[in-house]
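K.L.:
Could you have a look at this structure, given as C-alpha cells, before my questions?
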Amino acid sequence: MYSKTIPKGFPKDFLWGGATAANQYEGGWNEGGKGLTTAEVVRKADNRLEMTLGQVTEASIQEAIADTTDTNYPKRRGTDFYHRYKEDIALMAEMGWKTYRMSIAWARIFPNGDETEPNEEGLKFYDAVFSELEKYGIEPVVTLSHYESPIHLTVERNGWLDRRTIEDFNRYTKTVFERFNGRVKYWLTFNEINTGAWGFHETGVVDTGMPYEDQMQMRYQALHHQFVASSIATKQLRQIDPSAKIGLMIARMQTYPDTPNPLDVRAAQVVDDENLFFTDVQVRGEYPEYMNRYFAEHHIEIDMADDDQQILKDYTVDFLTFSYYMSTVTSATPDENGAGNFSLGKPNPYLTASDWGWQIDPVGLRITLNELWDRYRIPLMIVENGIGAEDVLTEDGKVHDDYRIDYLRSHIEQMKEAIIDGVDLIGYTMWGAIDLISASTSEMSKRYGFVYVDQDDDGNGTLDRFRKDSFFWYKKVIASNGEDLQ
Ligand code: BGP
C-alpha cells in the first residue's frame with residue numbers, strides 16, 4: 001500500500017520575517033565613505049502610475065551627481081535605517097522574526113566600485129547590523145545588489161554592459177563573504193534580475209532613447225555578465241564558507257492567458273518564458289533553447305568568453321527566491337495594459353487591484369509555488385510580498401491596516417496549501433516591513449510596512465516609528481507558526 005506522510009502546515013524551522021533594501025531604506029547616502037549609487041540619481045515620479053526607474057540620461061545623471069541634496073532623490077534619505085538600525089531591529093525582534101532579508105550597499109564597501117581596497121567604515125556598519133541581529137537570534141538573508149550599483153561604473157563604462165564589472169563585483173562579493181564568514185548563511189545575488197530586461201535600475205546601463213533592438217542587445221549582454229558574476233560568487237562562497245547558501249532572486253510575474261484560445265495560451269507561455277529564462281540559467285546552468293530562438297529572431301548576439309558556459313554550468317544556485325505581488329493576464333492581441341507601475345498585461349475581471357493597479361491574487365501564489373517547485377525541485381523562499389497602501393496614522397499613533405492583514409492572511413493561507421501540496425518552501429519575508437521609499441516611484445506614501453514611519457513624499461517628518469495593527473497580527477502568526485491567522 002503506497003502511503004506518504006502529507007505535510008500538515010509550516011515546517012517548525014520556517015523562516016518568518018520581513019524584507020527591506022539598502023537603496024530604499026538606509027539613508028546615510030553620503031556618510032561613512034559611501035559612494036553615490038544608480039538608485040540615487042533617479043528622480044521621484046511626477047505621478048504614481050508612472051515608472052521612472054529607468055528614465056535617466058547621461059545629462060540627468062550628471063545633474064544628479066552635481067545635486068548635493070536629497071530633495072528630488074528620496075532614496076538618498078530612505079527612512080534612516082543607517083542611524084536607527086538598533087531601534088528597528090528591536091521592533092523586528094518584538095514581532096518574533098526568525099529572519100531579516102536586507103541588502104548590502106555595494107557603494108558602501110567600494111564607493112566607486114573599481115577600487116582595489118574596501119572602505120572599512122562601510123564594512124563596520126554591517127558588522128554592527130549583524131551583531132544587533134545576532135543579539136536577537138535573527139538570521140540575515142543578504143542581497144548583494146538590490147537595484148543599485150556605484151554610479152561611477154555607469155559614468156565610466158555604462159555599468160554591467162562592460163565585462164570589467166564582473167571582476168569589480170566579484171572583488172566586492174569575495175570581500176563581504178570573507179568579512180562576514182559564518183555570520184550570513186543565506187546570500188542572494190541580484191534583486192529581481194529579470195527586470196534587468198527593463199533597463200537601468202537593475203543593470204546601471206543607460207540606453208534611454210535608443211532603438212528598442214539596441215536596448216535589448218545591451219540589456220541581455222549586461223545580464224549575461226551578471227549571470228557569470230553570480231556563478232563566480234557561487235564558486236567563491238563554496239570555497240570561503242561551504243555551510244552558507246546562495247540563491248537567485250526574480251520578480252515572479254505570474255500570468256494567465258486571456259482566453260482558452262491557444263493563441264492566448266501561447267502568448268502567456270512566452271511571457272512566462274521571459275521570467276523563467278532567468279531561473280533556467282541560474283538553476284539549470286545553461287541558456288534554454290527558447291531563448292536562443294528569441295535572440296536569433298531579435299538579432300541579439302551575446303558576447304561570451306570561452307569559459308562562461310562552463311562556469312554557468314558548474315556553479316548554479318542552492319535555492320530559488322522570488323517576489324510575488326500580483327498576477328497579470330496576457331492576450332495574443334493586447335488591447336489594453338495594466339494601469340499600475342510595474343503592472344503589465346490586461347486587467348483580470350476576477351481580481352481586485354491595489355491603489356497602484358496591482359491585481360491581488362493569493363491563489364496565484366499557490367500556482368506559482370507549485371510551478372517553480374515542479375520545474376526546479378530546489379528549496380524556495382518568498383522574499384517579497386505585500387500591499388502598498390496609503391496608511392493613515394491616527395491622533396493616538398495607530399494605523400488600522402485591516403486591508404494589509406487581509407492581503408497577507410490570504411497569501412499565507414495559500415503558502416500553507418502549497419506546503420501541503422508538497423512544495424519545499426523554507427521562508428517568507430514580507431516586503432517593506434518597516435515603511436520605506438517605493439522602488440518604482442520613489443514615493444513614501446506607498447507604504448508596505450508593519451511599522452509606520454513618520455515621513456511624507458517630500459521628506460518632512462520626525463522619522464518616528466509607530467506599530468500598525470498588522471504588527472501585532474504578524475507577531476501572532478509567527479508565534480503560532482502560521483496557524484493563527486485571525
Ligand atoms: C520590487 C523591489 C522592491 C520593492 C517592491 C515594491 O520590485 O524588489 O525593492 O520596492 O518591488 O515595489 P514598489 O516599491 O515600486 O511598490
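To be explicit about the labels: the chains of the C-alpha cells are called A, B, and onward in the order shown, and within each one the residues are counted from 1, while ligands get numbers from 1 in the order they are shown.
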Determine, counting only C-alpha atoms, which protein, DNA and RNA residues have an atom within 10 Å of an atom of Val141 (chain A); residues of the same chain fewer than 3 positions away are not included. Present the result as a ChimeraX atom specification.
P.N.:
/A:17-19,99-103,138,144,184-188,245-247,383,429
K.L.:
I'd like the neighbourhood of Asn385 (chain A) as JSON, numbers by chain, where a residue qualifies if any of its atoms comes within 7 Å (using only C-alpha atoms), though same-chain residues fewer than 5 positions away should be ignored.
P.N.:
{"A": [323, 324, 325, 430, 431]}
K.L.:
What's around Leu36 (chain A) at 9 Å? Count only C-alpha atoms, leave out sequence neighbours fewer than 5 positions away in its own chain, and write the answer as a PyMOL selection string.
P.N.:
chain A and resi 29-30+41+65+76+107-108+111-112+149-152
K.L.:
Limited to C-alpha atoms, could you put the picked residues into a file as a PDB file, in the first residue's frame?
P.N.:
```
ATOM      1  CA  TRP A  29      23.621  58.244   1.390  1.00  0.00           C
ATOM      2  CA  ASN A  30      26.773  60.365   1.724  1.00  0.00           C
ATOM      3  CA  VAL A  41      20.226  59.528  -9.473  1.00  0.00           C
ATOM      4  CA  ILE A  65      25.698  63.951  -9.279  1.00  0.00           C
ATOM      5  CA  ARG A  76      19.097  59.167  -0.692  1.00  0.00           C
ATOM      6  CA  ALA A 107      28.976  51.506  -2.805  1.00  0.00           C
ATOM      7  CA  ARG A 108      29.402  51.444   0.990  1.00  0.00           C
ATOM      8  CA  PRO A 111      32.424  53.632  -3.223  1.00  0.00           C
ATOM      9  CA  ASN A 112      33.312  53.788  -6.938  1.00  0.00           C
ATOM     10  CA  SER A 149      25.480  49.745  -8.077  1.00  0.00           C
ATOM     11  CA  PRO A 150      28.129  52.509  -7.829  1.00  0.00           C
ATOM     12  CA  ILE A 151      27.142  55.268 -10.287  1.00  0.00           C
ATOM     13  CA  HIS A 152      30.828  55.677 -11.128  1.00  0.00           C
TER      14      HIS A 152
END
```
K.L.:
So which one's closest to ligand 1, A:Ala222, A:Ala93, A:Val56, A:Met326? Using only C-alpha atoms and all ligand atoms, please.
P.N.:
A:Met326
K.L.:
Just the strand (DSSP E or B) stuff from region 150-366 of chain A, please, per backbone DSSP, written as a list in words.
P.N.:
Pro150, Tyr186, Trp187, Leu188, Thr189, Phe190, Lys245, Ile246, Gly247, Leu248, Met249, Ile250, Ala251, Gln254, Thr255, Tyr256, Pro257, Phe319, Leu320, Thr321, Phe322, Ser323, Ser327, Thr328, Val329, Thr330, Lys346, Ala353 and Gln359 of chain A
K.L.:
Show me a table, sorted first by chain and then by increasing residue number, of the residues of region 71-184 of chain A having an atom at most 12 Å from region 443-454 of chain A, each with its shortest atom pair and the distance in Å to one decimal, counting only C-alpha atoms and written as JSON lines.
P.N.:
```
{"residue": "A:Asn72", "atom": "CA", "partner": "A:Glu443", "partner_atom": "CA", "distance": 10.9}
{"residue": "A:Tyr73", "atom": "CA", "partner": "A:Glu443", "partner_atom": "CA", "distance": 10.1}
{"residue": "A:Pro74", "atom": "CA", "partner": "A:Glu443", "partner_atom": "CA", "distance": 7.6}
{"residue": "A:Lys75", "atom": "CA", "partner": "A:Glu443", "partner_atom": "CA", "distance": 9.2}
{"residue": "A:Arg77", "atom": "CA", "partner": "A:Met444", "partner_atom": "CA", "distance": 10.8}
{"residue": "A:Gly78", "atom": "CA", "partner": "A:Met444", "partner_atom": "CA", "distance": 8.8}
{"residue": "A:Thr79", "atom": "CA", "partner": "A:Val453", "partner_atom": "CA", "distance": 7.2}
{"residue": "A:Asp80", "atom": "CA", "partner": "A:Val453", "partner_atom": "CA", "distance": 9.8}
{"residue": "A:Phe81", "atom": "CA", "partner": "A:Val453", "partner_atom": "CA", "distance": 11.0}
{"residue": "A:Arg84", "atom": "CA", "partner": "A:Val453", "partner_atom": "CA", "distance": 11.5}
{"residue": "A:Glu87", "atom": "CA", "partner": "A:Val451", "partner_atom": "CA", "distance": 11.5}
{"residue": "A:Asp88", "atom": "CA", "partner": "A:Val451", "partner_atom": "CA", "distance": 9.0}
{"residue": "A:Ile89", "atom": "CA", "partner": "A:Val451", "partner_atom": "CA", "distance": 11.5}
{"residue": "A:Ala90", "atom": "CA", "partner": "A:Val451", "partner_atom": "CA", "distance": 11.9}
{"residue": "A:Leu91", "atom": "CA", "partner": "A:Val451", "partner_atom": "CA", "distance": 8.3}
{"residue": "A:Met92", "atom": "CA", "partner": "A:Val451", "partner_atom": "CA", "distance": 9.4}
{"residue": "A:Glu94", "atom": "CA", "partner": "A:Val451", "partner_atom": "CA", "distance": 11.5}
{"residue": "A:Met95", "atom": "CA", "partner": "A:Phe450", "partner_atom": "CA", "distance": 9.3}
```
K.L.:
So that I have them on file, write out the residues from the current selection with N, CA, C and O atoms, as an mmCIF file, in the first residue's frame.
P.N.:
```cif
data_model
loop_
_atom_site.group_PDB
_atom_site.id
_atom_site.type_symbol
_atom_site.label_atom_id
_atom_site.label_comp_id
_atom_site.auth_asym_id
_atom_site.auth_seq_id
_atom_site.Cartn_x
_atom_site.Cartn_y
_atom_site.Cartn_z
ATOM 1 N N ASN A 72 15.095 65.921 -4.577
ATOM 2 C CA ASN A 72 14.470 65.232 -5.725
ATOM 3 C C ASN A 72 14.814 63.755 -5.783
ATOM 4 O O ASN A 72 14.414 63.070 -6.725
ATOM 5 N N TYR A 73 15.576 63.278 -4.794
ATOM 6 C CA TYR A 73 16.060 61.895 -4.817
ATOM 7 C C TYR A 73 15.792 61.238 -3.462
ATOM 8 O O TYR A 73 16.708 61.029 -2.668
ATOM 9 N N PRO A 74 14.512 60.898 -3.222
ATOM 10 C CA PRO A 74 14.126 60.368 -1.900
ATOM 11 C C PRO A 74 14.895 59.131 -1.446
ATOM 12 O O PRO A 74 15.061 58.889 -0.254
ATOM 13 N N LYS A 75 15.417 58.340 -2.406
ATOM 14 C CA LYS A 75 16.138 57.136 -1.980
ATOM 15 C C LYS A 75 17.435 57.499 -1.270
ATOM 16 O O LYS A 75 18.009 56.686 -0.561
ATOM 17 N N ARG A 77 17.578 59.548 1.166
ATOM 18 C CA ARG A 77 17.268 59.638 2.599
ATOM 19 C C ARG A 77 16.623 58.360 3.140
ATOM 20 O O ARG A 77 16.717 58.061 4.327
ATOM 21 N N GLY A 78 15.984 57.588 2.282
ATOM 22 C CA GLY A 78 15.347 56.355 2.751
ATOM 23 C C GLY A 78 14.492 56.654 3.966
ATOM 24 O O GLY A 78 13.836 57.696 4.042
ATOM 25 N N THR A 79 14.516 55.765 4.985
ATOM 26 C CA THR A 79 13.835 56.078 6.252
ATOM 27 C C THR A 79 14.807 55.855 7.410
ATOM 28 O O THR A 79 14.440 55.439 8.498
ATOM 29 N N ASP A 80 16.080 56.104 7.083
ATOM 30 C CA ASP A 80 17.125 56.315 8.083
ATOM 31 C C ASP A 80 17.499 55.093 8.913
ATOM 32 O O ASP A 80 17.882 55.181 10.073
ATOM 33 N N PHE A 81 17.491 53.927 8.281
ATOM 34 C CA PHE A 81 17.969 52.715 8.976
ATOM 35 C C PHE A 81 19.425 52.902 9.397
ATOM 36 O O PHE A 81 19.850 52.381 10.439
ATOM 37 N N ARG A 84 19.138 54.363 12.688
ATOM 38 C CA ARG A 84 18.114 53.811 13.593
ATOM 39 C C ARG A 84 18.081 52.278 13.557
ATOM 40 O O ARG A 84 17.096 51.665 13.946
ATOM 41 N N GLU A 87 17.027 50.446 16.857
ATOM 42 C CA GLU A 87 15.587 50.581 17.180
ATOM 43 C C GLU A 87 14.753 49.675 16.270
ATOM 44 O O GLU A 87 13.856 48.965 16.709
ATOM 45 N N ASP A 88 15.082 49.680 14.972
ATOM 46 C CA ASP A 88 14.287 48.883 14.022
ATOM 47 C C ASP A 88 14.474 47.386 14.238
ATOM 48 O O ASP A 88 13.509 46.612 14.172
ATOM 49 N N ILE A 89 15.698 46.962 14.506
ATOM 50 C CA ILE A 89 15.934 45.536 14.720
ATOM 51 C C ILE A 89 15.230 45.085 16.010
ATOM 52 O O ILE A 89 14.692 43.974 16.086
ATOM 53 N N ALA A 90 15.152 45.974 16.998
ATOM 54 C CA ALA A 90 14.404 45.633 18.224
ATOM 55 C C ALA A 90 12.922 45.427 17.891
ATOM 56 O O ALA A 90 12.265 44.511 18.411
ATOM 57 N N LEU A 91 12.377 46.235 16.971
ATOM 58 C CA LEU A 91 10.975 46.064 16.540
ATOM 59 C C LEU A 91 10.806 44.735 15.802
ATOM 60 O O LEU A 91 9.811 44.031 15.973
ATOM 61 N N MET A 92 11.781 44.375 14.970
ATOM 62 C CA MET A 92 11.734 43.094 14.257
ATOM 63 C C MET A 92 11.698 41.942 15.273
ATOM 64 O O MET A 92 10.919 41.004 15.162
ATOM 65 N N GLU A 94 10.703 42.136 18.348
ATOM 66 C CA GLU A 94 9.427 42.181 19.105
ATOM 67 C C GLU A 94 8.333 41.409 18.354
ATOM 68 O O GLU A 94 7.479 40.779 18.980
ATOM 69 N N MET A 95 8.396 41.439 17.026
ATOM 70 C CA MET A 95 7.419 40.668 16.229
ATOM 71 C C MET A 95 7.755 39.179 16.226
ATOM 72 O O MET A 95 6.948 38.350 15.820
#
```
K.L.:
Can you list, as a VMD selection string, every protein, DNA or RNA residue that comes within 10 Å of region 411-426 of chain A when you count only C-alpha atoms, leaving out same-chain residues fewer than 6 positions away?
P.N.:
chain A and resid 6 to 11 13 to 16 319 to 321 324 to 325 360 to 374 377 to 382 385 to 386 405 477 482 to 483 485
K.L.:
Name the residues in contact with Gln236 (chain A) at a cut-off of 10 Å, using only C-alpha atoms, excluding same-chain residues fewer than 2 positions from it; report them as a PDB file with N, CA, C and O atoms, in the first residue's frame.
P.N.:
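Generated file (out_4.pdb):
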```pdb
ATOM      1  N   ASN A 170      32.890  40.838  -8.272  1.00  0.00           N
ATOM      2  CA  ASN A 170      33.353  39.652  -7.546  1.00  0.00           C
ATOM      3  C   ASN A 170      34.484  39.969  -6.550  1.00  0.00           C
ATOM      4  O   ASN A 170      34.750  39.185  -5.632  1.00  0.00           O
ATOM      5  N   THR A 173      32.090  40.787  -3.755  1.00  0.00           N
ATOM      6  CA  THR A 173      31.467  39.605  -3.130  1.00  0.00           C
ATOM      7  C   THR A 173      32.495  38.839  -2.293  1.00  0.00           C
ATOM      8  O   THR A 173      32.194  38.424  -1.167  1.00  0.00           O
ATOM      9  N   LYS A 174      33.704  38.694  -2.799  1.00  0.00           N
ATOM     10  CA  LYS A 174      34.750  37.985  -2.039  1.00  0.00           C
ATOM     11  C   LYS A 174      35.033  38.715  -0.718  1.00  0.00           C
ATOM     12  O   LYS A 174      35.142  38.092   0.341  1.00  0.00           O
ATOM     13  N   PHE A 177      32.005  38.094   1.646  1.00  0.00           N
ATOM     14  CA  PHE A 177      31.937  36.681   2.050  1.00  0.00           C
ATOM     15  C   PHE A 177      32.993  36.402   3.118  1.00  0.00           C
ATOM     16  O   PHE A 177      32.736  35.695   4.104  1.00  0.00           O
ATOM     17  N   GLU A 178      34.195  36.960   2.914  1.00  0.00           N
ATOM     18  CA  GLU A 178      35.273  36.733   3.883  1.00  0.00           C
ATOM     19  C   GLU A 178      35.035  37.488   5.184  1.00  0.00           C
ATOM     20  O   GLU A 178      35.151  36.951   6.278  1.00  0.00           O
ATOM     21  N   SER A 230      27.334  36.045 -10.968  1.00  0.00           N
ATOM     22  CA  SER A 230      26.590  35.281  -9.960  1.00  0.00           C
ATOM     23  C   SER A 230      27.214  33.898  -9.783  1.00  0.00           C
ATOM     24  O   SER A 230      27.397  33.416  -8.656  1.00  0.00           O
ATOM     25  N   SER A 231      27.614  33.275 -10.872  1.00  0.00           N
ATOM     26  CA  SER A 231      28.246  31.945 -10.772  1.00  0.00           C
ATOM     27  C   SER A 231      29.623  32.032 -10.120  1.00  0.00           C
ATOM     28  O   SER A 231      29.991  31.175  -9.309  1.00  0.00           O
ATOM     29  N   ILE A 232      30.357  33.089 -10.429  1.00  0.00           N
ATOM     30  CA  ILE A 232      31.676  33.261  -9.783  1.00  0.00           C
ATOM     31  C   ILE A 232      31.495  33.479  -8.286  1.00  0.00           C
ATOM     32  O   ILE A 232      32.211  32.902  -7.459  1.00  0.00           O
ATOM     33  N   ALA A 233      30.469  34.245  -7.912  1.00  0.00           N
ATOM     34  CA  ALA A 233      30.178  34.445  -6.479  1.00  0.00           C
ATOM     35  C   ALA A 233      29.840  33.112  -5.825  1.00  0.00           C
ATOM     36  O   ALA A 233      30.271  32.823  -4.701  1.00  0.00           O
ATOM     37  N   THR A 234      29.086  32.281  -6.532  1.00  0.00           N
ATOM     38  CA  THR A 234      28.747  30.958  -6.006  1.00  0.00           C
ATOM     39  C   THR A 234      30.015  30.142  -5.765  1.00  0.00           C
ATOM     40  O   THR A 234      30.190  29.529  -4.714  1.00  0.00           O
ATOM     41  N   ARG A 238      31.390  28.818  -2.070  1.00  0.00           N
ATOM     42  CA  ARG A 238      31.627  27.393  -1.801  1.00  0.00           C
ATOM     43  C   ARG A 238      33.004  27.199  -1.182  1.00  0.00           C
ATOM     44  O   ARG A 238      33.205  26.347  -0.318  1.00  0.00           O
ATOM     45  N   GLN A 239      33.975  28.044  -1.620  1.00  0.00           N
ATOM     46  CA  GLN A 239      35.351  27.917  -1.113  1.00  0.00           C
ATOM     47  C   GLN A 239      35.513  28.596   0.251  1.00  0.00           C
ATOM     48  O   GLN A 239      36.182  28.074   1.138  1.00  0.00           O
ATOM     49  N   ILE A 240      34.852  29.742   0.422  1.00  0.00           N
ATOM     50  CA  ILE A 240      35.050  30.534   1.648  1.00  0.00           C
ATOM     51  C   ILE A 240      34.201  30.002   2.804  1.00  0.00           C
ATOM     52  O   ILE A 240      34.672  29.848   3.924  1.00  0.00           O
ATOM     53  N   ASP A 241      32.912  29.719   2.518  1.00  0.00           N
ATOM     54  CA  ASP A 241      32.012  29.289   3.602  1.00  0.00           C
ATOM     55  C   ASP A 241      31.070  28.213   3.073  1.00  0.00           C
ATOM     56  O   ASP A 241      29.914  28.486   2.736  1.00  0.00           O
ATOM     57  N   PRO A 242      31.525  26.972   2.995  1.00  0.00           N
ATOM     58  CA  PRO A 242      30.726  25.895   2.388  1.00  0.00           C
ATOM     59  C   PRO A 242      29.367  25.683   3.070  1.00  0.00           C
ATOM     60  O   PRO A 242      28.450  25.126   2.486  1.00  0.00           O
ATOM     61  N   TYR A 315      28.434  26.202 -11.503  1.00  0.00           N
ATOM     62  CA  TYR A 315      28.102  26.912 -10.255  1.00  0.00           C
ATOM     63  C   TYR A 315      26.687  27.485 -10.317  1.00  0.00           C
ATOM     64  O   TYR A 315      26.483  28.672 -10.528  1.00  0.00           O
TER      65      TYR A 315
END
```
K.L.:
Which of these, A:Phe169, A:Phe227, A:Tyr147, A:Tyr287, has the shortest distance to ligand 1 once you count only C-alpha atoms and all ligand atoms?
P.N.:
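When distances to ligand 1 are compared using only C-alpha atoms and all ligand atoms, the smallest one comes from A:Tyr147.
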K.L.:
Using only C-alpha atoms and all ligand atoms, which of the listed residues (A:Ile434, A:Ala197, A:Val265, A:Ile387) sits closest to ligand 1?
P.N.:
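Residue with the minimum atom-to-atom distance to ligand 1: A:Ile387.
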K.L.:
Using only C-alpha atoms, which residue out of A:Val399, A:Val129, A:Ala251, A:Ile300 lies closest to Tyr212 (chain A)?
P.N.:
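Of A:Val399, A:Val129, A:Ala251, A:Ile300, the one nearest Tyr212 (chain A) is A:Ile300, counting only C-alpha atoms.
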K.L.:
Applying 12 Å and only C-alpha atoms, which residues near Gln221 (chain A) remain after dropping the ones on its own chain fewer than 5 positions away? List them as a list in words.
P.N.:
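So, after excluding close chain neighbours, the residues are Asn158, Gly159, Trp160, Leu161, Asp162, Arg163, Gly196, Ala197, Gly199, Thr203, Val205, Asp214, Gln215, Met216, Gln226, Phe227, Val228, Phe295, Ile300, Glu301, Ile302, Asp303, Met304 and Ala305 of chain A.
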K.L.:
For CA of Gly388 (chain A) and CA of His400 (chain A), quote the distance in Å rounded to one decimal.
P.N.:
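Value for the CA of Gly388 (chain A)-CA of His400 (chain A) distance: 14.2 Å.
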K.L.:
For each of A:Gly137, A:Gly357, A:Gly345, A:Pro262, take the minimum atom-to-atom distance to ligand 1, counting only C-alpha atoms and all ligand atoms, then give the residue where this is smallest.
P.N.:
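Looking only at the distances to ligand 1, the closest residue turns out to be A:Gly357.
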K.L.:
Would you mind listing what lies within 10 Å of region 58-61 of chain A as an NGL selection string, with only C-alpha atoms counted and same-chain residues fewer than 6 positions away left out?
P.N.:
:A and (38 or 40-43 or 67 or 151 or 154-155 or 158 or 206-208)
K.L.:
Rounded to one decimal in Å, what is the spacing between CA of Trp358 (chain A) and CA of Gly427 (chain A)?
P.N.:
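Between these atoms lies a distance of 23.2 Å.
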K.L.:
Measuring atom to atom with only C-alpha atoms and all ligand atoms, identify which of A:Gln455, A:Thr441, A:Asn194, A:Asn460 is nearest to ligand 1.
P.N.:
A:Thr441
